[in-house]
Every structure is written in structure tokens, then in C-alpha cells.
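S.K.: Dropping in upload_16.cif, with mmCIF, C-alpha atoms.
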data_entry
loop_
_atom_site.group_PDB
_atom_site.id
_atom_site.type_symbol
_atom_site.label_atom_id
_atom_site.label_comp_id
_atom_site.auth_asym_id
_atom_site.auth_seq_id
_atom_site.Cartn_x
_atom_site.Cartn_y
_atom_site.Cartn_z
ATOM 1 C CA GLN H 1058 0.000 0.000 0.000
ATOM 2 C CA GLN H 1059 2.866 2.370 0.833
ATOM 3 C CA ARG H 1060 4.495 1.545 -2.516
ATOM 4 C CA ALA H 1061 1.293 2.317 -4.376
ATOM 5 C CA GLN H 1062 0.967 5.559 -2.452
ATOM 6 C CA LYS H 1063 4.546 6.560 -3.359
ATOM 7 C CA GLU H 1064 3.958 5.790 -7.018
ATOM 8 C CA ALA H 1065 0.785 7.871 -6.980
ATOM 9 C CA GLN H 1066 2.659 10.756 -5.347
ATOM 10 C CA LYS H 1067 5.455 10.453 -7.923
ATOM 11 C CA ALA H 1068 2.949 10.462 -10.789
ATOM 12 C CA ALA H 1069 1.243 13.524 -9.320
ATOM 13 C CA ALA H 1070 4.618 15.259 -8.954
ATOM 14 C CA ASP H 1071 5.475 14.438 -12.588
ATOM 15 C CA ARG H 1072 2.152 15.858 -13.748
ATOM 16 C CA GLN H 1073 2.763 18.950 -11.658
ATOM 17 C CA ARG H 1074 6.218 19.473 -13.221
ATOM 18 C CA MET H 1075 4.840 18.986 -16.731
ATOM 19 C CA MET H 1076 2.049 21.428 -16.033
ATOM 20 C CA GLN H 1077 4.531 23.981 -14.673
ATOM 21 C CA GLN H 1078 6.695 23.516 -17.754
ATOM 22 C CA GLN H 1079 3.693 24.074 -20.025
ATOM 23 C CA GLN H 1080 2.722 27.156 -18.058
ATOM 24 C CA ALA H 1081 6.269 28.492 -18.379
ATOM 25 C CA GLU H 1082 6.188 27.922 -22.144
ATOM 26 C CA GLN H 1083 2.853 29.697 -22.323
ATOM 27 C CA GLU H 1084 4.269 32.664 -20.414
ATOM 28 C CA ASP H 1085 7.218 32.792 -22.828
ATOM 29 C CA LEU H 1086 4.794 32.889 -25.746
ATOM 30 C CA LYS H 1087 2.792 35.632 -24.064
ATOM 31 C CA ARG H 1088 5.970 37.689 -23.609
ATOM 32 C CA ALA H 1089 6.945 37.128 -27.248
ATOM 33 C CA MET H 1090 3.509 38.280 -28.442
ATOM 34 C CA LEU H 1091 3.726 41.311 -26.160
ATOM 35 C CA GLU H 1092 7.116 42.254 -27.641
ATOM 36 C CA MET H 1093 5.689 41.979 -31.158
ATOM 37 C CA ARG H 1094 2.764 44.134 -30.079
ATOM 38 C CA ARG H 1095 5.152 46.789 -28.763
ATOM 39 C CA ALA H 1096 6.990 46.666 -32.074
ATOM 40 C CA GLY H 1097 3.716 47.420 -33.885
ATOM 41 C CA TYR H 1098 2.949 43.955 -35.276
ATOM 42 C CA GLY H 1099 -0.058 41.724 -34.856
ATOM 43 C CA PRO H 1100 -1.149 38.305 -36.131
ATOM 44 C CA GLY H 1101 -3.053 39.785 -39.099
ATOM 45 C CA ASP H 1102 -2.891 37.831 -42.305
ATOM 46 C CA PRO H 1103 -0.525 34.822 -41.876
ATOM 47 C CA SER H 1104 0.788 35.384 -45.385
ATOM 48 C CA GLN H 1105 1.820 38.915 -44.403
ATOM 49 C CA ASN H 1106 3.043 38.179 -40.869
ATOM 50 C CA PRO H 1107 3.732 34.427 -40.520
ATOM 51 C CA ALA H 1108 5.883 34.815 -37.395
ATOM 52 C CA ALA H 1109 3.065 36.454 -35.432
ATOM 53 C CA ALA H 1110 0.546 33.903 -36.710
ATOM 54 C CA ILE H 1111 2.788 31.022 -35.570
ATOM 55 C CA LEU H 1112 3.209 32.586 -32.125
ATOM 56 C CA HIS H 1113 -0.536 33.025 -31.866
ATOM 57 C CA ALA H 1114 -1.201 29.389 -32.828
ATOM 58 C CA GLN H 1115 1.459 28.133 -30.416
ATOM 59 C CA ALA H 1116 -0.005 30.186 -27.574
ATOM 60 C CA VAL H 1117 -3.495 28.802 -28.178
ATOM 61 C CA ALA H 1118 -2.156 25.237 -28.422
ATOM 62 C CA ALA H 1119 -0.097 25.629 -25.245
ATOM 63 C CA GLY H 1120 -3.105 27.008 -23.436
ATOM 64 C CA ALA H 1121 -5.248 24.090 -24.534
ATOM 65 C CA LYS H 1122 -2.619 21.541 -23.484
ATOM 66 C CA THR H 1123 -2.160 23.140 -20.068
ATOM 67 C CA ALA H 1124 -5.927 23.270 -19.624
ATOM 68 C CA ALA H 1125 -6.226 19.545 -20.366
ATOM 69 C CA MET H 1126 -3.520 18.714 -17.810
ATOM 70 C CA GLN H 1127 -5.150 20.897 -15.187
ATOM 71 C CA ARG H 1128 -8.538 19.300 -15.826
ATOM 72 C CA ALA H 1129 -6.950 15.893 -15.195
ATOM 73 C CA GLN H 1130 -5.390 17.022 -11.908
ATOM 74 C CA TYR H 1131 -7.701 19.831 -10.837
ATOM 75 C CA PRO H 1132 -11.187 19.423 -12.368
ATOM 76 C CA GLY H 1133 -12.319 22.842 -11.117
ATOM 77 C CA SER H 1134 -9.655 24.833 -13.030
ATOM 78 C CA GLU H 1135 -11.226 24.608 -16.509
ATOM 79 C CA GLU H 1136 -13.029 27.908 -16.086
ATOM 80 C CA SER H 1137 -9.814 29.773 -15.244
ATOM 81 C CA MET H 1138 -8.075 28.307 -18.298
ATOM 82 C CA GLN H 1139 -10.968 29.354 -20.521
ATOM 83 C CA ILE H 1140 -10.560 32.867 -19.200
ATOM 84 C CA GLY H 1141 -6.824 32.698 -20.006
ATOM 85 C CA ARG H 1142 -7.540 31.601 -23.573
ATOM 86 C CA MET H 1143 -10.108 34.369 -23.956
ATOM 87 C CA LEU H 1144 -7.509 36.897 -22.833
ATOM 88 C CA LEU H 1145 -5.058 35.571 -25.410
ATOM 89 C CA GLU H 1146 -7.681 35.851 -28.128
ATOM 90 C CA GLN H 1147 -8.457 39.410 -27.061
ATOM 91 C CA GLN H 1148 -4.760 40.289 -27.194
ATOM 92 C CA ALA H 1149 -4.513 38.874 -30.697
ATOM 93 C CA ALA H 1150 -7.572 40.892 -31.796
ATOM 94 C CA GLN H 1151 -6.110 44.064 -30.282
ATOM 95 C CA LEU H 1152 -2.803 43.485 -32.058
ATOM 96 C CA LYS H 1153 -4.608 43.075 -35.368
ATOM 97 C CA GLN H 1154 -6.646 46.239 -34.811
ATOM 98 C CA GLN H 1155 -3.505 48.174 -33.918
ATOM 99 C CA GLN H 1156 -1.771 46.982 -37.075
ATOM 100 C CA GLN H 1157 -4.757 47.968 -39.200
ATOM 101 C CA ALA H 1158 -4.937 51.389 -37.544
ATOM 102 C CA GLN H 1159 -1.227 52.001 -38.204
ATOM 103 C CA ALA H 1160 -1.651 51.002 -41.841
ATOM 104 C CA MET H 1161 -4.601 53.392 -42.224
ATOM 105 C CA GLN H 1162 -2.621 56.199 -40.579
ATOM 106 C CA ALA H 1163 0.327 55.617 -42.920
ATOM 107 C CA ARG H 1164 -1.994 55.740 -45.953
ATOM 108 C CA ALA H 1165 -3.606 58.954 -44.681
ATOM 109 C CA GLN H 1166 -0.214 60.604 -44.180
ATOM 110 C CA ALA H 1167 0.889 59.567 -47.661
ATOM 111 C CA MET H 1168 -2.296 60.990 -49.191
ATOM 112 C CA ALA H 1169 -1.901 64.232 -47.220
ATOM 113 C CA GLY H 1170 1.674 64.624 -48.456
ATOM 114 C CA HIS H 1171 0.555 64.011 -52.032
ATOM 115 C CA GLN H 1172 -2.232 66.588 -51.727
ATOM 116 C CA GLN H 1173 0.178 69.144 -50.249
ATOM 117 C CA GLN H 1174 2.547 68.612 -53.150
ATOM 118 C CA LYS H 1175 -0.321 69.134 -55.630
ATOM 119 C CA VAL H 1176 -1.494 72.304 -53.881
ATOM 120 C CA ASN H 1177 1.978 73.835 -53.716
ATOM 121 C CA PRO H 1178 4.224 72.281 -56.390
ATOM 122 C CA MET H 1179 6.881 74.979 -55.854
ATOM 123 C CA SER H 1180 7.326 74.242 -52.142
ATOM 124 C CA ASN H 1181 10.766 72.728 -52.742
ATOM 125 C CA GLN H 1182 11.848 75.800 -54.667
ATOM 126 C CA ALA H 1183 10.531 78.067 -51.932
ATOM 127 C CA GLN H 1184 12.618 76.295 -49.319
ATOM 128 C CA LYS H 1185 15.920 76.739 -51.183
ATOM 129 C CA GLN H 1186 17.922 79.921 -50.747
ATOM 130 C CA PRO H 1187 18.461 82.155 -53.795
ATOM 131 C CA PRO H 1188 22.049 82.648 -55.070
ATOM 132 C CA SER H 1189 23.957 85.318 -53.121
ATOM 133 C CA THR H 1190 25.813 86.665 -56.181
ATOM 134 C CA GLY H 1191 25.734 86.619 -59.980
ATOM 135 C CA TRP H 1192 22.501 88.588 -60.575
ATOM 136 C CA GLN H 1193 22.236 90.407 -63.910
ATOM 137 C CA TYR H 1194 19.523 92.238 -65.843
ATOM 138 C CA ILE H 1195 19.097 93.887 -69.249
ATOM 139 C CA ASP H 1196 18.416 97.603 -69.037
ATOM 140 C CA PRO H 1197 16.089 99.568 -71.390
ATOM 141 C CA LYS H 1198 19.075 100.266 -73.661
ATOM 142 C CA ASN H 1199 19.525 96.490 -74.069
ATOM 143 C CA GLN H 1200 22.749 96.550 -72.070
ATOM 144 C CA ILE H 1201 23.604 93.785 -69.581
ATOM 145 C CA GLN H 1202 24.083 95.177 -66.086
ATOM 146 C CA GLY H 1203 25.822 93.306 -63.274
ATOM 147 C CA PRO H 1204 26.647 90.989 -61.775
ATOM 148 C CA PHE H 1205 25.137 92.233 -58.525
ATOM 149 C CA SER H 1206 24.742 90.718 -55.074
ATOM 150 C CA LEU H 1207 21.493 89.350 -53.703
ATOM 151 C CA LEU H 1208 21.428 92.140 -51.094
ATOM 152 C CA GLU H 1209 21.563 94.817 -53.804
ATOM 153 C CA MET H 1210 18.763 93.139 -55.738
ATOM 154 C CA GLN H 1211 16.621 92.937 -52.591
ATOM 155 C CA GLN H 1212 17.114 96.655 -51.918
ATOM 156 C CA TRP H 1213 16.227 97.659 -55.483
ATOM 157 C CA TYR H 1214 13.203 95.383 -55.444
ATOM 158 C CA HIS H 1215 11.850 97.063 -52.315
ATOM 159 C CA MET H 1216 12.369 100.400 -54.089
ATOM 160 C CA ASN H 1217 10.183 99.114 -56.965
ATOM 161 C CA TYR H 1218 12.953 99.347 -59.562
ATOM 162 C CA PHE H 1219 12.057 96.119 -61.327
ATOM 163 C CA ARG H 1220 9.151 95.948 -63.764
ATOM 164 C CA PRO H 1221 7.516 92.568 -64.464
ATOM 165 C CA GLU H 1222 8.877 92.503 -68.030
ATOM 166 C CA LEU H 1223 12.479 93.350 -67.041
ATOM 167 C CA LYS H 1224 14.690 90.433 -68.078
ATOM 168 C CA MET H 1225 17.164 89.113 -65.529
ATOM 169 C CA ARG H 1226 19.014 86.038 -64.369
ATOM 170 C CA CYS H 1227 20.990 84.879 -61.335
ATOM 171 C CA SER H 1228 23.861 83.189 -63.200
ATOM 172 C CA ASP H 1229 25.653 83.581 -66.505
ATOM 173 C CA GLN H 1230 24.798 79.908 -67.067
ATOM 174 C CA ASP H 1231 21.079 80.813 -67.369
ATOM 175 C CA GLU H 1232 18.868 82.474 -69.939
ATOM 176 C CA PHE H 1233 17.490 85.945 -69.305
ATOM 177 C CA VAL H 1234 13.781 85.696 -68.455
ATOM 178 C CA PRO H 1235 11.207 88.339 -67.449
ATOM 179 C CA PHE H 1236 11.231 89.216 -63.788
ATOM 180 C CA ALA H 1237 7.624 87.992 -63.367
ATOM 181 C CA GLU H 1238 8.565 84.583 -64.806
ATOM 182 C CA LEU H 1239 11.713 84.312 -62.691
ATOM 183 C CA PHE H 1240 9.597 84.619 -59.541
ATOM 184 C CA PRO H 1241 6.085 83.352 -60.376
ATOM 185 C CA HIS H 1242 3.454 83.217 -57.636
ATOM 186 C CA PRO H 1243 3.768 82.099 -54.839
ATOM 187 C CA LEU H 1244 7.542 82.669 -54.914
ATOM 188 C CA VAL H 1245 8.785 85.775 -53.088
ATOM 189 C CA PRO H 1246 11.299 87.761 -55.191
ATOM 190 C CA PHE H 1247 14.887 87.461 -53.929
ATOM 191 C CA GLN H 1248 13.772 85.401 -50.922
ATOM 192 C CA SER H 1249 12.542 82.262 -52.689
ATOM 193 C CA TYR H 1250 14.701 80.300 -55.081
ATOM 194 C CA PRO H 1251 14.099 81.590 -58.631
ATOM 195 C CA LYS H 1252 12.674 79.538 -61.479
ATOM 196 C CA ARG H 1253 15.874 79.376 -63.503
ATOM 197 C CA VAL H 1254 16.075 78.573 -67.193
ATOM 198 C CA PRO H 1255 19.410 77.011 -68.225
ATOM 199 C CA ALA H 1256 21.145 78.680 -71.177
ATOM 200 C CA ARG H 1257 20.928 76.852 -74.493
ATOM 201 C CA ARG H 1258 24.184 75.395 -75.680
#
Please express the file's structure as C-alpha cells.

M.R.:
Amino acid sequence: QQRAQKEAQKAAADRQRMMQQQQAEQEDLKRAMLEMRRAGYGPGDPSQNPAAAILHAQAVAAGAKTAAMQRAQYPGSEESMQIGRMLLEQQAAQLKQQQQAQAMQARAQAMAGHQQQKVNPMSNQAQKQPPSTGWQYIDPKNQIQGPFSLLEMQQWYHMNYFRPELKMRCSDQDEFVPFAELFPHPLVPFQSYPKRVPARR
């Protein structure tokens, strides 16, 4: 009788160790899924994220196996294991929703950037600084004047010396173009980068 009792105790201890091992594996899987969630990934479509889908399947399988072992040793623990599986499923659903929300946000940002570029196609030009030297213009006698500095051109512009049809350029490598075409709206004369026209060779 004592031998049978020892064997029963040993079998119970073995089941307890196996159950603890399964619980430890399940905790490892939970931590792995949590790390993927922090990194912005969820189970989603297995073809798009197979690693997350495998982790999810392994977590569910580990939970089911641990639940079966606990039912064999502790019949009243099935309800707690069902709650654990439900929590895992909720985590997986939250990860998927987060991934979908991030994808929608990325698409919205891309569309906003595209719309901004369409509204203001000269934004890149406006951000560049105009050349500091090399400015020339053709006077009413058809004589080339310059080169002048950017500061001089800014001063003369504020004194209203430049008519829209006055031809000028900011480099001897460019063609002379009318002042109004060199700085079309919304460019600010001598503050925005001009719309240069390379000289024909």
C-alpha cells in the first residue's frame, strides 16, 4: 500500500512538473507576443506576418494543453483556463486592430503629403535659398548690367525698380527671363529660389 501511495505521489509530482513547464512555455509565448505588439505587429494575415501567426497558434495550443492537464489534476480549473484563452484571443484581436490602424494612418499621411505637393508644387523651390551673387539684368538700352549681389537686388526690389517685363538672371549659365517669370506666384522675389532657365548650348 505504501508503494502504491509513493507511485501515486510520484505520478502527481510528474504531472505537476509537466504542467509547470507548459505554463512556463505559455508565459514565454505571451511575452513574445507582447514584444511583437510593442513593435507594432499583430497576427493579421498569416501570409503577411507568418511569425506572429505562428506565435498566436502556439499560444493557443499551449493554453489548450495546459488546460487539459489541469482538468486531469484539478477538475475545477477549466473555467480559469478558458478565461486565459479568452484573454489571449483578445490580445490577438487588439494586435490586429492596432496593425490595421497604423496602416490606415500611414496611408492617410501619404495621401496628405501628395495633396500638399499638388497644392503647392513649388514648395521645394521656396525652401531653397536664392544665389547670393551673380545677378544680372538687361536695361532699357539692351545693355547687360551686373553681376550684382542678392542684397543689392533685394534693396532695389523694395524700391520698386524692377518691372515685371524686365529680363534678368541669377547666373551667366542661365537664360534671361522676365522678372515675373523668374519669380512666379507664390515665390517671393529674392527670398525664394528663382525659377531658372538654363542657357541653351

S.K.: Provide the atom CA of Arg1220 of chain H to atom CA of Gln1202 of chain H distance in Å, to one decimal place.

M.R.: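 According to the coordinates, atom CA of Arg1220 of chain H and atom CA of Gln1202 of chain H are separated by 15.1 Å.
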
S.K.: Quick one: residues within 12 Å of (16.0, 82.3, -67.5) (file frame), counting only C-alpha atoms, please, as a PDB file with C-alpha atoms, in the frame of the given file.

M.R.:
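Once everything was written out, this is out-v6.pdb:
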ATOM      1  CA  TRP H1192      22.501  88.588 -60.575  1.00  0.00           C
ATOM      2  CA  GLN H1193      22.236  90.407 -63.910  1.00  0.00           C
ATOM      3  CA  TYR H1194      19.523  92.238 -65.843  1.00  0.00           C
ATOM      4  CA  LEU H1223      12.479  93.350 -67.041  1.00  0.00           C
ATOM      5  CA  LYS H1224      14.690  90.433 -68.078  1.00  0.00           C
ATOM      6  CA  MET H1225      17.164  89.113 -65.529  1.00  0.00           C
ATOM      7  CA  ARG H1226      19.014  86.038 -64.369  1.00  0.00           C
ATOM      8  CA  CYS H1227      20.990  84.879 -61.335  1.00  0.00           C
ATOM      9  CA  SER H1228      23.861  83.189 -63.200  1.00  0.00           C
ATOM     10  CA  ASP H1229      25.653  83.581 -66.505  1.00  0.00           C
ATOM     11  CA  GLN H1230      24.798  79.908 -67.067  1.00  0.00           C
ATOM     12  CA  ASP H1231      21.079  80.813 -67.369  1.00  0.00           C
ATOM     13  CA  GLU H1232      18.868  82.474 -69.939  1.00  0.00           C
ATOM     14  CA  PHE H1233      17.490  85.945 -69.305  1.00  0.00           C
ATOM     15  CA  VAL H1234      13.781  85.696 -68.455  1.00  0.00           C
ATOM     16  CA  PRO H1235      11.207  88.339 -67.449  1.00  0.00           C
ATOM     17  CA  PHE H1236      11.231  89.216 -63.788  1.00  0.00           C
ATOM     18  CA  ALA H1237       7.624  87.992 -63.367  1.00  0.00           C
ATOM     19  CA  GLU H1238       8.565  84.583 -64.806  1.00  0.00           C
ATOM     20  CA  LEU H1239      11.713  84.312 -62.691  1.00  0.00           C
ATOM     21  CA  PHE H1240       9.597  84.619 -59.541  1.00  0.00           C
ATOM     22  CA  PRO H1251      14.099  81.590 -58.631  1.00  0.00           C
ATOM     23  CA  LYS H1252      12.674  79.538 -61.479  1.00  0.00           C
ATOM     24  CA  ARG H1253      15.874  79.376 -63.503  1.00  0.00           C
ATOM     25  CA  VAL H1254      16.075  78.573 -67.193  1.00  0.00           C
ATOM     26  CA  PRO H1255      19.410  77.011 -68.225  1.00  0.00           C
ATOM     27  CA  ALA H1256      21.145  78.680 -71.177  1.00  0.00           C
ATOM     28  CA  ARG H1257      20.928  76.852 -74.493  1.00  0.00           C
TER      29      ARG H1257
END

S.K.: Enter the distance from atom CA of Ile1195 of chain H to atom CA of Leu1208 of chain H, in Å, rounded to one decimal.

M.R.: 18.4 Å

S.K.: Using the chain letters and residue numbers of this document, give as a list in words the residues selected by the PyMOL selection byres ((chain H and resi 1205) around 8).

M.R.: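 So the PyMOL selection byres ((chain H and resi 1205) around 8), applied here, picks out Thr1190, Gly1191, Trp1192, Gln1193, Gly1203, Pro1204, Ser1206, Leu1207, Glu1209 and Met1210 of chain H.
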
S.K.: Can you measure atom CA of Gln1200 of chain H to atom CA of Pro1241 of chain H for me? One decimal in Å is fine.

M.R.: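 If I compute the distance from atom CA of Gln1200 of chain H to atom CA of Pro1241 of chain H, I get 24.3 Å.
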
S.K.: With only C-alpha atoms as the basis for distance, which of H:Pro1197, H:Ala1068, H:Met1168, H:Pro1246 is at the shortest distance from Gln1212 of chain H?

M.R.: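 Of H:Pro1197, H:Ala1068, H:Met1168, H:Pro1246, the one nearest Gln1212 of chain H, counting only C-alpha atoms, is H:Pro1246.
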
S.K.: Nearest to Val1245 of chain H: which of H:Asn1199, H:Gln1156, H:Gln1186, H:Gln1147 is it, counting only C-alpha atoms?

M.R.: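 Going through H:Asn1199, H:Gln1156, H:Gln1186, H:Gln1147 one by one, the smallest distance to Val1245 of chain H is for H:Gln1186.
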
S.K.: Could you work out an axis-aligned bounding box for all listed atoms of segment 1232-1240 of chain H, with 3 Å added on each of the six sides, and give its centre and edge lengths in Å to one decimal, as JSON?

M.R.:
{"center_x": 13.2, "center_y": 85.8, "center_z": -64.7, "size_x": 17.2, "size_y": 12.7, "size_z": 16.4}
